[in-house]
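Enquirer: Submitted below is the structure of interest, expressed as structure tokens.
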Amino acid sequence: MLRRVLLAASTSQRVRRVLTTAPVTGGVVRRFVAGETASDALAVVERLLGDGLTVTLDYLGEYTAVPEQAIAVAQEYVSLIESLHVGGFAAGGRAEVSVKPTAVGLGLPEHGQKTAAENITRICAAARTAGTTVTVDMEDHTRVEATLRLVEELRADFPDLGCVLQSYLRCTPGDCQLLARAGSRVRLCKGAYSAPDGVAFAAKSEVDRNYARCMRILLDGDGYAMLATHDPRLIAIARSRATARGRSPDSFEYQMLYGIRPDEQRRLAAEGAQVRVYVPYGNDWYGYLVRRLAERPANLAFFLRALRSRS
Ligand SMILES: Cc1cc2nc3c(=O)[nH]c(=O)nc-3n(C[C@H](O)[C@H](O)[C@H](O)COP(=O)(O)OP(=O)(O)OC[C@H]3O[C@@H](n4cnc5c(N)ncnc54)[C@H](O)[C@@H]3O)c2cc1C
């Protein structure tokens with residue numbers, strides 16, 4: 001119930017205004033977001049790579065309403081990738097980027113698919129020059145079909161373009177079957193949005209069970225699996241399935257969010273696993289932060305306590 005309320009708040013302009021102007025917000029944001037600028041993000045990248053982790057960078061922003069803004073977001077990614085290259089962070093995909101399709105135009109009222117395809121193509125071309133990769137994030141359920149179609153089309157020119165599947169959706173095992181093939185890069189997550197019952201599982205236990213099922217399909221297949229979860233039980237299942245299937249540590253990776261379970265990230269890396277940290281940066285952090293609060297009531301309590309202590 002609380003999760004649904006918070007997810008509704010993640011798209012509310014009124015709540016956004018109140019939260020983004022509250023003086024306390026900065027401290028909470030800094031726990032989950034690298035900073036406002038690309039140089040803030042690069043400093044975090046350098047630190048995480050130094051700790052034996054890999055990184056995917058997300059320039060915050062979504063549901064872009066005008067084509068000029070979508071082009072500006074793509075330009076930010078191109079400059080970011082060039083900075084990763086110059087800094088020596090991109091080679092071998094040590095630091096890559098994650099792109100939200102609606103940030104680069106997918107939701108535009110006219111020519112959304114075409115605009116997003118052109119923008120992601122520019123980003124992929126820059127990534128190829130720098131020796132790194134791009135992963136297209138998955139947003140709410142109304143965008144899934146268009147996003148998968150977009151990735152499929154772009155993979156003709158950029159076969160290493162990654163995509164994301166969400167275990168809260170009932171259709172995801174079928175999508176995993178289709179994508180568990182040689183050359184594909186698939187991130188599996190639980191899903192950070194809400195969706196109607198017919199489309200998604202409502203109970204957390206069902207989402208978790210579906211995650212385990214999808215993970216097995218990906219690990220049993222021939223693609224590169226990117227297992228995005230902080231859930232210790234699912235990480236243990238992943239480890240034993242990968243061992244049972246004879247998967248080498250470089251044929252799959254764990255992924256976690258910046259600021260969540262950092263000790264576990266380092267512990268897994270020290271064990272020899274590949275661990276990638278998803279690092280968001282930028283001003284437009286509101287939707288991202290509220291989704292993180294929705295995932296864990298303790299985060300919300302922390303935020304409210306901080307608000308009270310300032311009032
Ligand atoms: C690298 C990465 C990329 C992602 N990309 C996408 C995407 O493209 N599309 C999408 O819809 N979703 C994405 N997500 C979000 C994902 O769908 C989940 O909402 C989120 O990861 C929480 O699910 P969980 O698997 O960690 O399991 P949960 O059951 O939510 O959590 C398991 C445990 O992890 C810890 N934990 C989880 N969340 C938090 C938190 N916010 N604060 C503190 N501790 C926490 C807690 O110990 C909790 O008990 C991504 C997640 C990751 C890690």
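Letters A, B, ... go to the chains of the structure tokens in the order shown; residues in each chain start at 1; ligands are counted from 1 in the same order.
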Give me, as a tab-separated table, each residue of chain A that comes within 7 Å of ligand 1, together with its shortest interatomic pair and the distance in Å at one decimal, counting only C-alpha atoms and all ligand atoms, with rows ordered by chain and rising residue number.
Expert:
```
residue	atom	partner	partner_atom_place_in_ligand_line	distance
A:Asp137	CA	ligand 1	8 (O)	3.6
A:Met138	CA	ligand 1	8 (O)	4.1
A:Glu139	CA	ligand 1	9 (N)	5.3
A:Asp140	CA	ligand 1	11 (O)	6.8
A:Val164	CA	ligand 1	8 (O)	5.5
A:Gln166	CA	ligand 1	11 (O)	6.2
A:Cys189	CA	ligand 1	17 (O)	4.4
A:Lys190	CA	ligand 1	17 (O)	4.1
A:Gly191	CA	ligand 1	17 (O)	3.2
A:Ala192	CA	ligand 1	19 (O)	3.7
A:Tyr193	CA	ligand 1	11 (O)	5.7
A:Ala228	CA	ligand 1	53 (C)	4.2
A:Thr229	CA	ligand 1	25 (O)	3.5
A:His230	CA	ligand 1	26 (O)	3.7
A:Asp231	CA	ligand 1	32 (C)	3.8
A:Pro232	CA	ligand 1	33 (C)	6.8
A:Gln255	CA	ligand 1	1 (C)	4.4
A:Met256	CA	ligand 1	53 (C)	3.6
A:Leu257	CA	ligand 1	53 (C)	4.5
A:Ile260	CA	ligand 1	43 (C)	5.1
A:Arg261	CA	ligand 1	44 (N)	6.5
A:Val277	CA	ligand 1	1 (C)	6.1
A:Tyr278	CA	ligand 1	1 (C)	4.7
A:Arg292	CA	ligand 1	41 (N)	4.0
A:Leu293	CA	ligand 1	41 (N)	5.8
A:Glu295	CA	ligand 1	41 (N)	4.9
A:Arg296	CA	ligand 1	40 (C)	5.1
A:Asn299	CA	ligand 1	42 (N)	6.1
```
Enquirer: Per DSSP on the backbone, what are the helix (DSSP H, G or I) residues of stretch 7-168 of chain A, as a PDB file with N, CA and C atoms, in the first residue's frame?
Expert:
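The resulting file, states27.pdb, is shown below:
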```
ATOM      1  N   LEU A   7       4.919   5.329  -5.157  1.00  0.00           N
ATOM      2  CA  LEU A   7       5.137   5.277  -6.609  1.00  0.00           C
ATOM      3  C   LEU A   7       4.231   6.276  -7.325  1.00  0.00           C
ATOM      4  N   ALA A   8       3.014   6.483  -6.771  1.00  0.00           N
ATOM      5  CA  ALA A   8       2.141   7.512  -7.360  1.00  0.00           C
ATOM      6  C   ALA A   8       2.792   8.885  -7.146  1.00  0.00           C
ATOM      7  N   ALA A   9       3.392   9.076  -5.962  1.00  0.00           N
ATOM      8  CA  ALA A   9       4.049  10.368  -5.671  1.00  0.00           C
ATOM      9  C   ALA A   9       5.241  10.607  -6.592  1.00  0.00           C
ATOM     10  N   GLN A  13       3.625  16.223  -9.659  1.00  0.00           N
ATOM     11  CA  GLN A  13       4.363  17.491  -9.739  1.00  0.00           C
ATOM     12  C   GLN A  13       4.302  18.249  -8.414  1.00  0.00           C
ATOM     13  N   ARG A  14       3.170  18.093  -7.678  1.00  0.00           N
ATOM     14  CA  ARG A  14       3.017  18.843  -6.426  1.00  0.00           C
ATOM     15  C   ARG A  14       3.998  18.333  -5.370  1.00  0.00           C
ATOM     16  N   VAL A  15       4.023  16.993  -5.208  1.00  0.00           N
ATOM     17  CA  VAL A  15       4.940  16.417  -4.217  1.00  0.00           C
ATOM     18  C   VAL A  15       6.378  16.714  -4.631  1.00  0.00           C
ATOM     19  N   ARG A  16       6.621  16.651  -5.934  1.00  0.00           N
ATOM     20  CA  ARG A  16       7.974  16.959  -6.435  1.00  0.00           C
ATOM     21  C   ARG A  16       8.403  18.355  -5.991  1.00  0.00           C
ATOM     22  N   ARG A  17       7.489  19.365  -6.128  1.00  0.00           N
ATOM     23  CA  ARG A  17       7.838  20.744  -5.756  1.00  0.00           C
ATOM     24  C   ARG A  17       8.197  20.845  -4.285  1.00  0.00           C
ATOM     25  N   VAL A  18       7.367  20.185  -3.439  1.00  0.00           N
ATOM     26  CA  VAL A  18       7.599  20.275  -1.996  1.00  0.00           C
ATOM     27  C   VAL A  18       8.944  19.626  -1.639  1.00  0.00           C
ATOM     28  N   LEU A  19       9.167  18.411  -2.154  1.00  0.00           N
ATOM     29  CA  LEU A  19      10.375  17.678  -1.752  1.00  0.00           C
ATOM     30  C   LEU A  19      11.654  18.303  -2.293  1.00  0.00           C
ATOM     31  N   THR A  20      11.600  18.764  -3.548  1.00  0.00           N
ATOM     32  CA  THR A  20      12.849  19.262  -4.122  1.00  0.00           C
ATOM     33  C   THR A  20      13.268  20.602  -3.523  1.00  0.00           C
ATOM     34  N   THR A  21      12.324  21.281  -2.825  1.00  0.00           N
ATOM     35  CA  THR A  21      12.723  22.550  -2.219  1.00  0.00           C
ATOM     36  C   THR A  21      12.972  22.413  -0.708  1.00  0.00           C
ATOM     37  N   THR A  25      16.590  17.701   1.874  1.00  0.00           N
ATOM     38  CA  THR A  25      16.607  16.694   0.831  1.00  0.00           C
ATOM     39  C   THR A  25      18.030  16.373   0.363  1.00  0.00           C
ATOM     40  N   GLY A  26      18.870  17.406   0.273  1.00  0.00           N
ATOM     41  CA  GLY A  26      20.218  17.222  -0.249  1.00  0.00           C
ATOM     42  C   GLY A  26      20.966  16.063   0.375  1.00  0.00           C
ATOM     43  N   GLY A  27      20.920  15.952   1.713  1.00  0.00           N
ATOM     44  CA  GLY A  27      21.657  14.901   2.413  1.00  0.00           C
ATOM     45  C   GLY A  27      21.177  13.514   2.033  1.00  0.00           C
ATOM     46  N   VAL A  28      19.857  13.364   1.933  1.00  0.00           N
ATOM     47  CA  VAL A  28      19.297  12.054   1.589  1.00  0.00           C
ATOM     48  C   VAL A  28      19.651  11.716   0.141  1.00  0.00           C
ATOM     49  N   VAL A  29      19.546  12.729  -0.715  1.00  0.00           N
ATOM     50  CA  VAL A  29      19.843  12.506  -2.129  1.00  0.00           C
ATOM     51  C   VAL A  29      21.271  12.016  -2.296  1.00  0.00           C
ATOM     52  N   ARG A  30      22.189  12.623  -1.558  1.00  0.00           N
ATOM     53  CA  ARG A  30      23.617  12.314  -1.714  1.00  0.00           C
ATOM     54  C   ARG A  30      23.924  10.855  -1.381  1.00  0.00           C
ATOM     55  N   ARG A  31      23.042  10.225  -0.609  1.00  0.00           N
ATOM     56  CA  ARG A  31      23.276   8.812  -0.302  1.00  0.00           C
ATOM     57  C   ARG A  31      23.100   7.941  -1.560  1.00  0.00           C
ATOM     58  N   PHE A  32      22.191   8.355  -2.440  1.00  0.00           N
ATOM     59  CA  PHE A  32      21.854   7.517  -3.598  1.00  0.00           C
ATOM     60  C   PHE A  32      22.337   8.079  -4.935  1.00  0.00           C
ATOM     61  N   ALA A  38      28.738  15.964 -14.161  1.00  0.00           N
ATOM     62  CA  ALA A  38      29.510  14.825 -14.669  1.00  0.00           C
ATOM     63  C   ALA A  38      30.818  14.682 -13.882  1.00  0.00           C
ATOM     64  N   SER A  39      31.401  15.788 -13.452  1.00  0.00           N
ATOM     65  CA  SER A  39      32.674  15.615 -12.719  1.00  0.00           C
ATOM     66  C   SER A  39      32.434  15.005 -11.344  1.00  0.00           C
ATOM     67  N   ASP A  40      31.270  15.294 -10.714  1.00  0.00           N
ATOM     68  CA  ASP A  40      30.931  14.573  -9.464  1.00  0.00           C
ATOM     69  C   ASP A  40      30.871  13.070  -9.751  1.00  0.00           C
ATOM     70  N   ALA A  41      30.216  12.730 -10.866  1.00  0.00           N
ATOM     71  CA  ALA A  41      30.040  11.314 -11.204  1.00  0.00           C
ATOM     72  C   ALA A  41      31.391  10.646 -11.483  1.00  0.00           C
ATOM     73  N   LEU A  42      32.274  11.366 -12.190  1.00  0.00           N
ATOM     74  CA  LEU A  42      33.579  10.782 -12.535  1.00  0.00           C
ATOM     75  C   LEU A  42      34.413  10.509 -11.282  1.00  0.00           C
ATOM     76  N   ALA A  43      34.276  11.384 -10.282  1.00  0.00           N
ATOM     77  CA  ALA A  43      35.015  11.155  -9.028  1.00  0.00           C
ATOM     78  C   ALA A  43      34.535   9.862  -8.366  1.00  0.00           C
ATOM     79  N   VAL A  44      33.224   9.635  -8.408  1.00  0.00           N
ATOM     80  CA  VAL A  44      32.675   8.394  -7.823  1.00  0.00           C
ATOM     81  C   VAL A  44      33.121   7.180  -8.648  1.00  0.00           C
ATOM     82  N   VAL A  45      33.117   7.332  -9.959  1.00  0.00           N
ATOM     83  CA  VAL A  45      33.563   6.229 -10.834  1.00  0.00           C
ATOM     84  C   VAL A  45      34.992   5.833 -10.477  1.00  0.00           C
ATOM     85  N   GLU A  46      35.854   6.823 -10.352  1.00  0.00           N
ATOM     86  CA  GLU A  46      37.265   6.538 -10.066  1.00  0.00           C
ATOM     87  C   GLU A  46      37.401   5.753  -8.757  1.00  0.00           C
ATOM     88  N   ARG A  47      36.619   6.182  -7.758  1.00  0.00           N
ATOM     89  CA  ARG A  47      36.685   5.519  -6.446  1.00  0.00           C
ATOM     90  C   ARG A  47      36.189   4.072  -6.541  1.00  0.00           C
ATOM     91  N   LEU A  48      35.061   3.863  -7.220  1.00  0.00           N
ATOM     92  CA  LEU A  48      34.490   2.521  -7.297  1.00  0.00           C
ATOM     93  C   LEU A  48      35.386   1.591  -8.113  1.00  0.00           C
ATOM     94  N   LEU A  49      35.928   2.102  -9.227  1.00  0.00           N
ATOM     95  CA  LEU A  49      36.831   1.255 -10.013  1.00  0.00           C
ATOM     96  C   LEU A  49      38.055   0.884  -9.182  1.00  0.00           C
ATOM     97  N   GLY A  50      38.520   1.837  -8.388  1.00  0.00           N
ATOM     98  CA  GLY A  50      39.668   1.570  -7.507  1.00  0.00           C
ATOM     99  C   GLY A  50      39.378   0.484  -6.484  1.00  0.00           C
ATOM    100  N   PRO A  67      11.612  17.550 -28.127  1.00  0.00           N
ATOM    101  CA  PRO A  67      12.734  16.915 -28.831  1.00  0.00           C
ATOM    102  C   PRO A  67      14.088  17.546 -28.489  1.00  0.00           C
ATOM    103  N   GLU A  68      14.103  18.869 -28.301  1.00  0.00           N
ATOM    104  CA  GLU A  68      15.392  19.544 -28.015  1.00  0.00           C
ATOM    105  C   GLU A  68      16.008  19.011 -26.727  1.00  0.00           C
ATOM    106  N   GLN A  69      15.143  18.754 -25.746  1.00  0.00           N
ATOM    107  CA  GLN A  69      15.637  18.228 -24.466  1.00  0.00           C
ATOM    108  C   GLN A  69      16.196  16.809 -24.654  1.00  0.00           C
ATOM    109  N   ALA A  70      15.512  16.011 -25.478  1.00  0.00           N
ATOM    110  CA  ALA A  70      15.977  14.634 -25.729  1.00  0.00           C
ATOM    111  C   ALA A  70      17.359  14.657 -26.385  1.00  0.00           C
ATOM    112  N   ILE A  71      17.551  15.624 -27.287  1.00  0.00           N
ATOM    113  CA  ILE A  71      18.860  15.739 -27.965  1.00  0.00           C
ATOM    114  C   ILE A  71      19.923  16.191 -26.967  1.00  0.00           C
ATOM    115  N   ALA A  72      19.531  17.102 -26.073  1.00  0.00           N
ATOM    116  CA  ALA A  72      20.491  17.597 -25.063  1.00  0.00           C
ATOM    117  C   ALA A  72      20.914  16.461 -24.126  1.00  0.00           C
ATOM    118  N   VAL A  73      19.973  15.576 -23.788  1.00  0.00           N
ATOM    119  CA  VAL A  73      20.318  14.432 -22.917  1.00  0.00           C
ATOM    120  C   VAL A  73      21.324  13.530 -23.642  1.00  0.00           C
ATOM    121  N   ALA A  74      21.063  13.271 -24.931  1.00  0.00           N
ATOM    122  CA  ALA A  74      21.998  12.425 -25.694  1.00  0.00           C
ATOM    123  C   ALA A  74      23.377  13.075 -25.732  1.00  0.00           C
ATOM    124  N   GLN A  75      23.405  14.410 -25.898  1.00  0.00           N
ATOM    125  CA  GLN A  75      24.688  15.115 -25.945  1.00  0.00           C
ATOM    126  C   GLN A  75      25.433  14.988 -24.609  1.00  0.00           C
ATOM    127  N   GLU A  76      24.683  15.056 -23.510  1.00  0.00           N
ATOM    128  CA  GLU A  76      25.312  14.884 -22.192  1.00  0.00           C
ATOM    129  C   GLU A  76      25.978  13.502 -22.107  1.00  0.00           C
ATOM    130  N   TYR A  77      25.276  12.478 -22.603  1.00  0.00           N
ATOM    131  CA  TYR A  77      25.857  11.129 -22.575  1.00  0.00           C
ATOM    132  C   TYR A  77      27.119  11.040 -23.440  1.00  0.00           C
ATOM    133  N   VAL A  78      27.059  11.677 -24.629  1.00  0.00           N
ATOM    134  CA  VAL A  78      28.222  11.615 -25.518  1.00  0.00           C
ATOM    135  C   VAL A  78      29.429  12.273 -24.829  1.00  0.00           C
ATOM    136  N   SER A  79      29.214  13.446 -24.211  1.00  0.00           N
ATOM    137  CA  SER A  79      30.325  14.131 -23.518  1.00  0.00           C
ATOM    138  C   SER A  79      30.813  13.292 -22.340  1.00  0.00           C
ATOM    139  N   LEU A  80      29.860  12.698 -21.623  1.00  0.00           N
ATOM    140  CA  LEU A  80      30.233  11.862 -20.476  1.00  0.00           C
ATOM    141  C   LEU A  80      31.124  10.702 -20.924  1.00  0.00           C
ATOM    142  N   ILE A  81      30.724  10.049 -22.013  1.00  0.00           N
ATOM    143  CA  ILE A  81      31.497   8.895 -22.502  1.00  0.00           C
ATOM    144  C   ILE A  81      32.894   9.352 -22.931  1.00  0.00           C
ATOM    145  N   GLU A  82      32.966  10.529 -23.560  1.00  0.00           N
ATOM    146  CA  GLU A  82      34.290  11.039 -23.953  1.00  0.00           C
ATOM    147  C   GLU A  82      35.151  11.277 -22.709  1.00  0.00           C
ATOM    148  N   SER A  83      34.533  11.788 -21.647  1.00  0.00           N
ATOM    149  CA  SER A  83      35.305  12.007 -20.407  1.00  0.00           C
ATOM    150  C   SER A  83      35.739  10.672 -19.797  1.00  0.00           C
ATOM    151  N   LEU A  84      34.873   9.672 -19.867  1.00  0.00           N
ATOM    152  CA  LEU A  84      35.259   8.344 -19.347  1.00  0.00           C
ATOM    153  C   LEU A  84      36.461   7.813 -20.131  1.00  0.00           C
ATOM    154  N   HIS A  85      36.419   8.038 -21.443  1.00  0.00           N
ATOM    155  CA  HIS A  85      37.491   7.576 -22.327  1.00  0.00           C
ATOM    156  C   HIS A  85      38.804   8.274 -21.966  1.00  0.00           C
ATOM    157  N   VAL A  86      38.733   9.608 -21.887  1.00  0.00           N
ATOM    158  CA  VAL A  86      39.936  10.399 -21.584  1.00  0.00           C
ATOM    159  C   VAL A  86      40.498  10.006 -20.208  1.00  0.00           C
ATOM    160  N   ALA A  91      37.590   1.782 -21.125  1.00  0.00           N
ATOM    161  CA  ALA A  91      38.110   0.607 -21.835  1.00  0.00           C
ATOM    162  C   ALA A  91      37.653  -0.693 -21.189  1.00  0.00           C
ATOM    163  N   GLY A  92      37.273  -1.631 -22.046  1.00  0.00           N
ATOM    164  CA  GLY A  92      36.841  -2.946 -21.558  1.00  0.00           C
ATOM    165  C   GLY A  92      35.496  -2.896 -20.860  1.00  0.00           C
ATOM    166  N   GLY A  93      34.788  -1.767 -21.006  1.00  0.00           N
ATOM    167  CA  GLY A  93      33.457  -1.661 -20.405  1.00  0.00           C
ATOM    168  C   GLY A  93      33.486  -1.507 -18.892  1.00  0.00           C
ATOM    169  N   PRO A 101      14.883   5.247 -22.023  1.00  0.00           N
ATOM    170  CA  PRO A 101      14.366   5.588 -23.349  1.00  0.00           C
ATOM    171  C   PRO A 101      13.519   6.855 -23.368  1.00  0.00           C
ATOM    172  N   THR A 102      12.733   7.110 -22.317  1.00  0.00           N
ATOM    173  CA  THR A 102      11.900   8.331 -22.367  1.00  0.00           C
ATOM    174  C   THR A 102      12.743   9.594 -22.151  1.00  0.00           C
ATOM    175  N   ALA A 103      13.945   9.443 -21.603  1.00  0.00           N
ATOM    176  CA  ALA A 103      14.814  10.621 -21.447  1.00  0.00           C
ATOM    177  C   ALA A 103      15.340  11.076 -22.802  1.00  0.00           C
ATOM    178  N   VAL A 104      15.454  10.126 -23.743  1.00  0.00           N
ATOM    179  CA  VAL A 104      15.992  10.489 -25.066  1.00  0.00           C
ATOM    180  C   VAL A 104      14.899  10.512 -26.125  1.00  0.00           C
ATOM    181  N   GLY A 112       8.407   9.642 -31.544  1.00  0.00           N
ATOM    182  CA  GLY A 112       9.141   9.278 -30.326  1.00  0.00           C
ATOM    183  C   GLY A 112      10.130   8.144 -30.575  1.00  0.00           C
ATOM    184  N   GLN A 113       9.653   7.093 -31.240  1.00  0.00           N
ATOM    185  CA  GLN A 113      10.508   5.912 -31.478  1.00  0.00           C
ATOM    186  C   GLN A 113      11.736   6.302 -32.325  1.00  0.00           C
ATOM    187  N   LYS A 114      11.478   7.123 -33.345  1.00  0.00           N
ATOM    188  CA  LYS A 114      12.565   7.514 -34.265  1.00  0.00           C
ATOM    189  C   LYS A 114      13.581   8.405 -33.525  1.00  0.00           C
ATOM    190  N   THR A 115      13.059   9.358 -32.748  1.00  0.00           N
ATOM    191  CA  THR A 115      13.964  10.267 -32.011  1.00  0.00           C
ATOM    192  C   THR A 115      14.809   9.474 -31.017  1.00  0.00           C
ATOM    193  N   ALA A 116      14.166   8.571 -30.289  1.00  0.00           N
ATOM    194  CA  ALA A 116      14.918   7.779 -29.305  1.00  0.00           C
ATOM    195  C   ALA A 116      15.968   6.924 -30.017  1.00  0.00           C
ATOM    196  N   ALA A 117      15.597   6.344 -31.159  1.00  0.00           N
ATOM    197  CA  ALA A 117      16.548   5.495 -31.895  1.00  0.00           C
ATOM    198  C   ALA A 117      17.752   6.319 -32.345  1.00  0.00           C
ATOM    199  N   GLU A 118      17.495   7.520 -32.852  1.00  0.00           N
ATOM    200  CA  GLU A 118      18.615   8.360 -33.329  1.00  0.00           C
ATOM    201  C   GLU A 118      19.521   8.753 -32.162  1.00  0.00           C
ATOM    202  N   ASN A 119      18.904   9.103 -31.042  1.00  0.00           N
ATOM    203  CA  ASN A 119      19.714   9.532 -29.889  1.00  0.00           C
ATOM    204  C   ASN A 119      20.524   8.384 -29.304  1.00  0.00           C
ATOM    205  N   ILE A 120      19.892   7.211 -29.208  1.00  0.00           N
ATOM    206  CA  ILE A 120      20.641   6.064 -28.647  1.00  0.00           C
ATOM    207  C   ILE A 120      21.746   5.644 -29.620  1.00  0.00           C
ATOM    208  N   THR A 121      21.488   5.787 -30.906  1.00  0.00           N
ATOM    209  CA  THR A 121      22.538   5.481 -31.897  1.00  0.00           C
ATOM    210  C   THR A 121      23.769   6.371 -31.664  1.00  0.00           C
ATOM    211  N   ARG A 122      23.539   7.660 -31.431  1.00  0.00           N
ATOM    212  CA  ARG A 122      24.685   8.569 -31.176  1.00  0.00           C
ATOM    213  C   ARG A 122      25.453   8.124 -29.926  1.00  0.00           C
ATOM    214  N   ILE A 123      24.699   7.755 -28.910  1.00  0.00           N
ATOM    215  CA  ILE A 123      25.344   7.350 -27.651  1.00  0.00           C
ATOM    216  C   ILE A 123      26.139   6.055 -27.872  1.00  0.00           C
ATOM    217  N   CYS A 124      25.536   5.111 -28.613  1.00  0.00           N
ATOM    218  CA  CYS A 124      26.226   3.835 -28.862  1.00  0.00           C
ATOM    219  C   CYS A 124      27.490   4.049 -29.690  1.00  0.00           C
ATOM    220  N   ALA A 125      27.420   4.976 -30.664  1.00  0.00           N
ATOM    221  CA  ALA A 125      28.598   5.228 -31.501  1.00  0.00           C
ATOM    222  C   ALA A 125      29.735   5.779 -30.636  1.00  0.00           C
ATOM    223  N   ALA A 126      29.403   6.694 -29.723  1.00  0.00           N
ATOM    224  CA  ALA A 126      30.437   7.246 -28.826  1.00  0.00           C
ATOM    225  C   ALA A 126      30.997   6.142 -27.929  1.00  0.00           C
ATOM    226  N   ALA A 127      30.106   5.271 -27.451  1.00  0.00           N
ATOM    227  CA  ALA A 127      30.554   4.183 -26.565  1.00  0.00           C
ATOM    228  C   ALA A 127      31.479   3.229 -27.310  1.00  0.00           C
ATOM    229  N   ARG A 128      31.146   2.954 -28.561  1.00  0.00           N
ATOM    230  CA  ARG A 128      32.004   2.039 -29.342  1.00  0.00           C
ATOM    231  C   ARG A 128      33.404   2.633 -29.499  1.00  0.00           C
ATOM    232  N   THR A 129      33.474   3.922 -29.816  1.00  0.00           N
ATOM    233  CA  THR A 129      34.785   4.585 -29.960  1.00  0.00           C
ATOM    234  C   THR A 129      35.577   4.501 -28.651  1.00  0.00           C
ATOM    235  N   ALA A 130      34.862   4.617 -27.538  1.00  0.00           N
ATOM    236  CA  ALA A 130      35.540   4.621 -26.227  1.00  0.00           C
ATOM    237  C   ALA A 130      35.836   3.212 -25.724  1.00  0.00           C
ATOM    238  N   HIS A 141       5.378  -0.249 -17.374  1.00  0.00           N
ATOM    239  CA  HIS A 141       4.964  -1.352 -18.262  1.00  0.00           C
ATOM    240  C   HIS A 141       4.439  -0.888 -19.614  1.00  0.00           C
ATOM    241  N   THR A 142       3.993   0.387 -19.701  1.00  0.00           N
ATOM    242  CA  THR A 142       3.458   0.864 -20.985  1.00  0.00           C
ATOM    243  C   THR A 142       4.576   1.067 -22.017  1.00  0.00           C
ATOM    244  N   ARG A 143       5.828   1.052 -21.561  1.00  0.00           N
ATOM    245  CA  ARG A 143       6.958   1.302 -22.476  1.00  0.00           C
ATOM    246  C   ARG A 143       7.699   0.026 -22.857  1.00  0.00           C
ATOM    247  N   VAL A 144       7.307  -1.106 -22.261  1.00  0.00           N
ATOM    248  CA  VAL A 144       8.141  -2.310 -22.416  1.00  0.00           C
ATOM    249  C   VAL A 144       8.237  -2.758 -23.870  1.00  0.00           C
ATOM    250  N   GLU A 145       7.073  -2.870 -24.521  1.00  0.00           N
ATOM    251  CA  GLU A 145       7.087  -3.388 -25.888  1.00  0.00           C
ATOM    252  C   GLU A 145       7.923  -2.483 -26.810  1.00  0.00           C
ATOM    253  N   ALA A 146       7.682  -1.170 -26.705  1.00  0.00           N
ATOM    254  CA  ALA A 146       8.403  -0.226 -27.579  1.00  0.00           C
ATOM    255  C   ALA A 146       9.896  -0.254 -27.281  1.00  0.00           C
ATOM    256  N   THR A 147      10.247  -0.400 -25.999  1.00  0.00           N
ATOM    257  CA  THR A 147      11.670  -0.396 -25.641  1.00  0.00           C
ATOM    258  C   THR A 147      12.363  -1.643 -26.184  1.00  0.00           C
ATOM    259  N   LEU A 148      11.710  -2.801 -26.046  1.00  0.00           N
ATOM    260  CA  LEU A 148      12.333  -4.027 -26.548  1.00  0.00           C
ATOM    261  C   LEU A 148      12.466  -3.984 -28.077  1.00  0.00           C
ATOM    262  N   ARG A 149      11.465  -3.385 -28.733  1.00  0.00           N
ATOM    263  CA  ARG A 149      11.529  -3.262 -30.201  1.00  0.00           C
ATOM    264  C   ARG A 149      12.699  -2.352 -30.603  1.00  0.00           C
ATOM    265  N   LEU A 150      12.825  -1.265 -29.852  1.00  0.00           N
ATOM    266  CA  LEU A 150      13.911  -0.304 -30.112  1.00  0.00           C
ATOM    267  C   LEU A 150      15.280  -0.987 -29.978  1.00  0.00           C
ATOM    268  N   VAL A 151      15.452  -1.722 -28.889  1.00  0.00           N
ATOM    269  CA  VAL A 151      16.746  -2.385 -28.650  1.00  0.00           C
ATOM    270  C   VAL A 151      17.012  -3.416 -29.751  1.00  0.00           C
ATOM    271  N   GLU A 152      15.989  -4.169 -30.113  1.00  0.00           N
ATOM    272  CA  GLU A 152      16.152  -5.195 -31.143  1.00  0.00           C
ATOM    273  C   GLU A 152      16.619  -4.552 -32.466  1.00  0.00           C
ATOM    274  N   GLU A 153      15.998  -3.420 -32.818  1.00  0.00           N
ATOM    275  CA  GLU A 153      16.390  -2.742 -34.069  1.00  0.00           C
ATOM    276  C   GLU A 153      17.844  -2.250 -33.990  1.00  0.00           C
ATOM    277  N   LEU A 154      18.191  -1.637 -32.866  1.00  0.00           N
ATOM    278  CA  LEU A 154      19.525  -1.038 -32.749  1.00  0.00           C
ATOM    279  C   LEU A 154      20.620  -2.091 -32.644  1.00  0.00           C
TER     280      LEU A 154
END
```
Enquirer: I need the residues in stretch 37-261 of chain A that are strand (DSSP E) according to DSSP; give them as a PyMOL selection string.
Expert: chain A and resi 54-59+95-99+134-136+162-166+185-189+224-228+252-257
